[in-house]
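See structure below.
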Amino acid sequence: MIQVEGLAFSRQGRRIIEPLSFTVPDGSVWGVVGPNGSGKTTLLRLLYGALSPQAGVVRINGQPLDSLARRVIARQVAVVTQGENSESGLSIADSVMLGRIPHRRMLQCPSARDYQACADALGRVGVAELAERPASQVSGGEAQRALIARAVAQEAEHILLDEPTNHLDIRHQHEVLTTVRELGSTVVIVLHDLNLAATYCDTVLLLDGGRSVACGTPSEVLTAAHLEPVYRVSVDVLIRANGRPHLVLSERPLPHLSDSERKTA
Ligand SMILES: Nc1ncnc2c1ncn2[C@@H]1O[C@H](COP(=O)(O)OP(=O)(O)OP(=O)(O)O)[C@@H](O)[C@H]1O
């Protein structure tokens with residue numbers, strides 16, 4: 001479980017995250033969506049302690065994040081960030097093995113259990129055939145899937161992902177998000193694609209200017225009334241057979257904006 005209470009963050013005197021409070025229950029998949037610059041990555045970085053808030057607290061299973069050692073956090077929270085470079089000379093298998101570091105003593109060789117966890121992770125994310133390839137010699141999408149395999153190998157209860165589908169083709173987008181859901185971990189995932197959020201998330205948090213505009217089920221949050229003022233585009237919301245929303249851009253003029261705002265939208 002991840003609990004956030006009164007979390008706020010500023011940089012250079014500018015508020016980037018307005019005070020936010022929410023709880024991500026065990027096993028739940030939370031999507032964080034919002035336009036460019038709305039604070040999604042900043043929020044995620046606050047959730048794993050890469051940034052320290054000016055106010056508020058993040059608790060992992062009830063423990064304040066800032067009271068936990070990095071190694072303890074790494075056993076509980078796996079992170080897949082954007083733009084990690086793979087120029088290390090490691091093979092894909094070696095890079096997935098990095099996910100096992102929090103489970104080993106310093107300088108201890110990987111155990112049979114570590115090798116098994118890596119093999120399972122490579123298979124689950126569909127990159128087993130790339131295991132021996134240098135991480136610097138795979139495509140962007142393959143590298144992205146290897147990073148997700150590393151997070152899976154880490155066997156953390158919580159997984160935080162920043163736009164994990166960025167480089168992926170449509171099949172791999174769905175495969176990766178299906179895999180993430182099937183892990184049964186507590187997941188917070190930053191997504192730009194609102195239809196992926198609608199399909200794979202239990203709860204969606206919509207940010208704008210660092211504020212929570214709406215937080216709830218995809219049907220509650222991904223509505224024209226919430227999205228049009230935030231993204232400044234007209235959307236139509238279709239309802240799929242499974243009851244989840246599906247968004248399409250609409251030709252309708254924006255109903256929530258003034259004429260001058262419409263010209264700049
Ligand atoms: N190091 C920094 N110094 C100052 N401002 C920053 C810094 N990093 C981010 N910001 C600002 O904080 C705000 C939120 O940035 P953040 O990267 O969290 O947004 P985002 O929603 O993840 O954006 P995107 O969708 O473009 O990835 C933006 O206005 C950004 O310019």
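By convention here, the chains of the structure tokens are called A, B, ... in the order presented, each chain's residues are numbered starting at 1, and ligands are numbered starting at 1 in the order presented.
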
Closest-contact table, range 80-106 of chain A side, partner range 28-42 of chain A, 12 Å, counting only C-alpha atoms, as CSV:
residue,atom,partner,partner_atom,distance
A:Val80,CA,A:Thr41,CA,11.3
A:Thr81,CA,A:Thr41,CA,8.8
A:Gln82,CA,A:Thr41,CA,9.2

With C-alpha atoms retained, export the selected residues as a PDB file, in the first residue's frame.
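Written output follows (again12.pdb):
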ATOM      1  CA  VAL A  80      10.971   1.923 -14.395  1.00  0.00           C
ATOM      2  CA  THR A  81      11.863   5.442 -15.470  1.00  0.00           C
ATOM      3  CA  GLN A  82      12.077   7.113 -18.845  1.00  0.00           C
TER       4      GLN A  82
END

Using DSSP on the backbone coordinates, identify all residues within range 22-258 of chain A classified as alpha helix (DSSP H); present the result as an MDAnalysis selection string.
-> chainID A and resid 40:47 70:76 92:97 112:124 140:153 170:182 194:200 218:221 224:231

Just to be explicit: take each residue in the selection above, keep C-alpha atoms, and write the result as a PDB file, in the first residue's frame.
ATOM      1  CA  LYS A  40       3.290  13.342 -13.332  1.00  0.00           C
ATOM      2  CA  THR A  41       7.011  12.493 -13.316  1.00  0.00           C
ATOM      3  CA  THR A  42       7.614  14.752 -10.330  1.00  0.00           C
ATOM      4  CA  LEU A  43       4.892  12.953  -8.381  1.00  0.00           C
ATOM      5  CA  LEU A  44       6.339   9.555  -9.291  1.00  0.00           C
ATOM      6  CA  ARG A  45       9.833  10.659  -8.205  1.00  0.00           C
ATOM      7  CA  LEU A  46       8.393  11.793  -4.865  1.00  0.00           C
ATOM      8  CA  LEU A  47       6.809   8.340  -4.449  1.00  0.00           C
ATOM      9  CA  ARG A  70      17.590   2.799   0.202  1.00  0.00           C
ATOM     10  CA  ARG A  71      18.074  -0.974   0.189  1.00  0.00           C
ATOM     11  CA  VAL A  72      14.825  -1.556   2.068  1.00  0.00           C
ATOM     12  CA  ILE A  73      12.998   0.752  -0.344  1.00  0.00           C
ATOM     13  CA  ALA A  74      14.532  -1.141  -3.290  1.00  0.00           C
ATOM     14  CA  ARG A  75      13.153  -4.427  -1.955  1.00  0.00           C
ATOM     15  CA  GLN A  76       9.691  -2.924  -1.718  1.00  0.00           C
ATOM     16  CA  ILE A  92      20.071  -7.864 -21.356  1.00  0.00           C
ATOM     17  CA  ALA A  93      20.327 -10.796 -18.900  1.00  0.00           C
ATOM     18  CA  ASP A  94      22.943  -8.897 -16.834  1.00  0.00           C
ATOM     19  CA  SER A  95      20.815  -5.794 -16.820  1.00  0.00           C
ATOM     20  CA  VAL A  96      17.791  -7.787 -15.624  1.00  0.00           C
ATOM     21  CA  MET A  97      20.016  -9.329 -12.913  1.00  0.00           C
ATOM     22  CA  ALA A 112      20.084 -20.167  -8.267  1.00  0.00           C
ATOM     23  CA  ARG A 113      17.012 -18.306  -6.982  1.00  0.00           C
ATOM     24  CA  ASP A 114      18.314 -15.055  -8.548  1.00  0.00           C
ATOM     25  CA  TYR A 115      18.908 -16.759 -11.909  1.00  0.00           C
ATOM     26  CA  GLN A 116      15.448 -18.322 -11.771  1.00  0.00           C
ATOM     27  CA  ALA A 117      13.791 -14.965 -10.976  1.00  0.00           C
ATOM     28  CA  CYS A 118      15.592 -13.366 -13.954  1.00  0.00           C
ATOM     29  CA  ALA A 119      14.687 -16.193 -16.321  1.00  0.00           C
ATOM     30  CA  ASP A 120      11.047 -15.975 -15.212  1.00  0.00           C
ATOM     31  CA  ALA A 121      11.035 -12.190 -15.679  1.00  0.00           C
ATOM     32  CA  LEU A 122      12.618 -12.381 -19.151  1.00  0.00           C
ATOM     33  CA  GLY A 123      10.007 -14.952 -20.171  1.00  0.00           C
ATOM     34  CA  ARG A 124       7.079 -13.053 -18.691  1.00  0.00           C
ATOM     35  CA  GLY A 140      14.142   1.208 -28.060  1.00  0.00           C
ATOM     36  CA  GLY A 141      11.095  -0.987 -27.530  1.00  0.00           C
ATOM     37  CA  GLU A 142      13.181  -4.056 -26.686  1.00  0.00           C
ATOM     38  CA  ALA A 143      15.263  -2.017 -24.236  1.00  0.00           C
ATOM     39  CA  GLN A 144      12.070  -0.735 -22.626  1.00  0.00           C
ATOM     40  CA  ARG A 145      10.755  -4.269 -22.186  1.00  0.00           C
ATOM     41  CA  ALA A 146      14.094  -5.327 -20.675  1.00  0.00           C
ATOM     42  CA  LEU A 147      13.732  -2.543 -18.084  1.00  0.00           C
ATOM     43  CA  ILE A 148      10.295  -3.859 -17.235  1.00  0.00           C
ATOM     44  CA  ALA A 149      11.753  -7.382 -16.938  1.00  0.00           C
ATOM     45  CA  ARG A 150      14.312  -5.967 -14.485  1.00  0.00           C
ATOM     46  CA  ALA A 151      11.482  -4.520 -12.376  1.00  0.00           C
ATOM     47  CA  VAL A 152       9.656  -7.868 -12.504  1.00  0.00           C
ATOM     48  CA  ALA A 153      12.864  -9.708 -11.418  1.00  0.00           C
ATOM     49  CA  ILE A 170       0.543  -1.538 -30.101  1.00  0.00           C
ATOM     50  CA  ARG A 171       0.899  -5.283 -29.417  1.00  0.00           C
ATOM     51  CA  HIS A 172       3.735  -4.773 -26.968  1.00  0.00           C
ATOM     52  CA  GLN A 173       1.902  -1.892 -25.254  1.00  0.00           C
ATOM     53  CA  HIS A 174      -0.934  -4.246 -24.465  1.00  0.00           C
ATOM     54  CA  GLU A 175       1.341  -7.181 -23.591  1.00  0.00           C
ATOM     55  CA  VAL A 176       3.416  -5.112 -21.173  1.00  0.00           C
ATOM     56  CA  LEU A 177       0.399  -3.605 -19.443  1.00  0.00           C
ATOM     57  CA  THR A 178      -1.285  -7.011 -19.229  1.00  0.00           C
ATOM     58  CA  THR A 179       1.896  -8.403 -17.645  1.00  0.00           C
ATOM     59  CA  VAL A 180       2.070  -5.508 -15.194  1.00  0.00           C
ATOM     60  CA  ARG A 181      -1.553  -6.104 -14.191  1.00  0.00           C
ATOM     61  CA  GLU A 182      -1.055  -9.842 -13.802  1.00  0.00           C
ATOM     62  CA  LEU A 194      -5.748   7.881 -21.950  1.00  0.00           C
ATOM     63  CA  ASN A 195      -7.222   4.794 -23.623  1.00  0.00           C
ATOM     64  CA  LEU A 196      -4.485   2.612 -22.135  1.00  0.00           C
ATOM     65  CA  ALA A 197      -5.266   4.174 -18.747  1.00  0.00           C
ATOM     66  CA  ALA A 198      -8.964   3.467 -19.328  1.00  0.00           C
ATOM     67  CA  THR A 199      -8.230  -0.156 -20.207  1.00  0.00           C
ATOM     68  CA  TYR A 200      -5.645  -1.170 -17.610  1.00  0.00           C
ATOM     69  CA  PRO A 218     -11.684   5.450 -15.397  1.00  0.00           C
ATOM     70  CA  SER A 219     -15.409   6.044 -16.014  1.00  0.00           C
ATOM     71  CA  GLU A 220     -15.545   8.709 -13.303  1.00  0.00           C
ATOM     72  CA  VAL A 221     -12.394  10.556 -14.360  1.00  0.00           C
ATOM     73  CA  ALA A 224     -15.372  15.200 -21.454  1.00  0.00           C
ATOM     74  CA  ALA A 225     -16.132  17.555 -18.558  1.00  0.00           C
ATOM     75  CA  HIS A 226     -12.805  16.732 -16.898  1.00  0.00           C
ATOM     76  CA  LEU A 227     -10.609  16.310 -19.965  1.00  0.00           C
ATOM     77  CA  GLU A 228     -11.641  19.165 -22.262  1.00  0.00           C
ATOM     78  CA  PRO A 229     -10.602  22.050 -19.990  1.00  0.00           C
ATOM     79  CA  VAL A 230      -7.362  20.274 -19.082  1.00  0.00           C
ATOM     80  CA  TYR A 231      -6.198  19.149 -22.541  1.00  0.00           C
TER      81      TYR A 231
END

Counting only C-alpha atoms and all ligand atoms, figure out which residue out of A:Pro19, A:Gly99, A:Pro164, A:Gly209 gets nearest to ligand 1.
->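 Once distances to ligand 1 are computed over only C-alpha atoms and all ligand atoms, the minimum belongs to A:Gly209.
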
Just the strand (DSSP E or B) stuff from range 36-84 of chain A, please, per backbone DSSP, written as an MDAnalysis selection string.
-> chainID A and resid 55:60 63:64 77:80

Quick one: write out the picked residues with C-alpha atoms as a PDB file, in the first residue's frame?
ATOM      1  CA  ALA A  55       5.511  19.138   2.893  1.00  0.00           C
ATOM      2  CA  GLY A  56       3.684  15.895   3.486  1.00  0.00           C
ATOM      3  CA  VAL A  57       4.707  12.277   3.665  1.00  0.00           C
ATOM      4  CA  VAL A  58       4.763   9.130   1.524  1.00  0.00           C
ATOM      5  CA  ARG A  59       4.258   5.849   3.388  1.00  0.00           C
ATOM      6  CA  ILE A  60       5.083   2.433   1.969  1.00  0.00           C
ATOM      7  CA  GLN A  63       6.390   3.243   6.949  1.00  0.00           C
ATOM      8  CA  PRO A  64       7.391   6.818   6.084  1.00  0.00           C
ATOM      9  CA  VAL A  77       9.567  -0.569  -4.704  1.00  0.00           C
ATOM     10  CA  ALA A  78      10.722  -1.255  -8.273  1.00  0.00           C
ATOM     11  CA  VAL A  79      10.984   1.710 -10.604  1.00  0.00           C
ATOM     12  CA  VAL A  80      10.971   1.923 -14.395  1.00  0.00           C
TER      13      VAL A  80
END

Using only C-alpha atoms, which residues sit within 12 Å of Asp26 in chain A once same-chain residues fewer than 3 positions away are excluded, as number ranges by chain?
-> A: 1-3, 23, 29-30, 60-62, 157-159, 183-188, 202
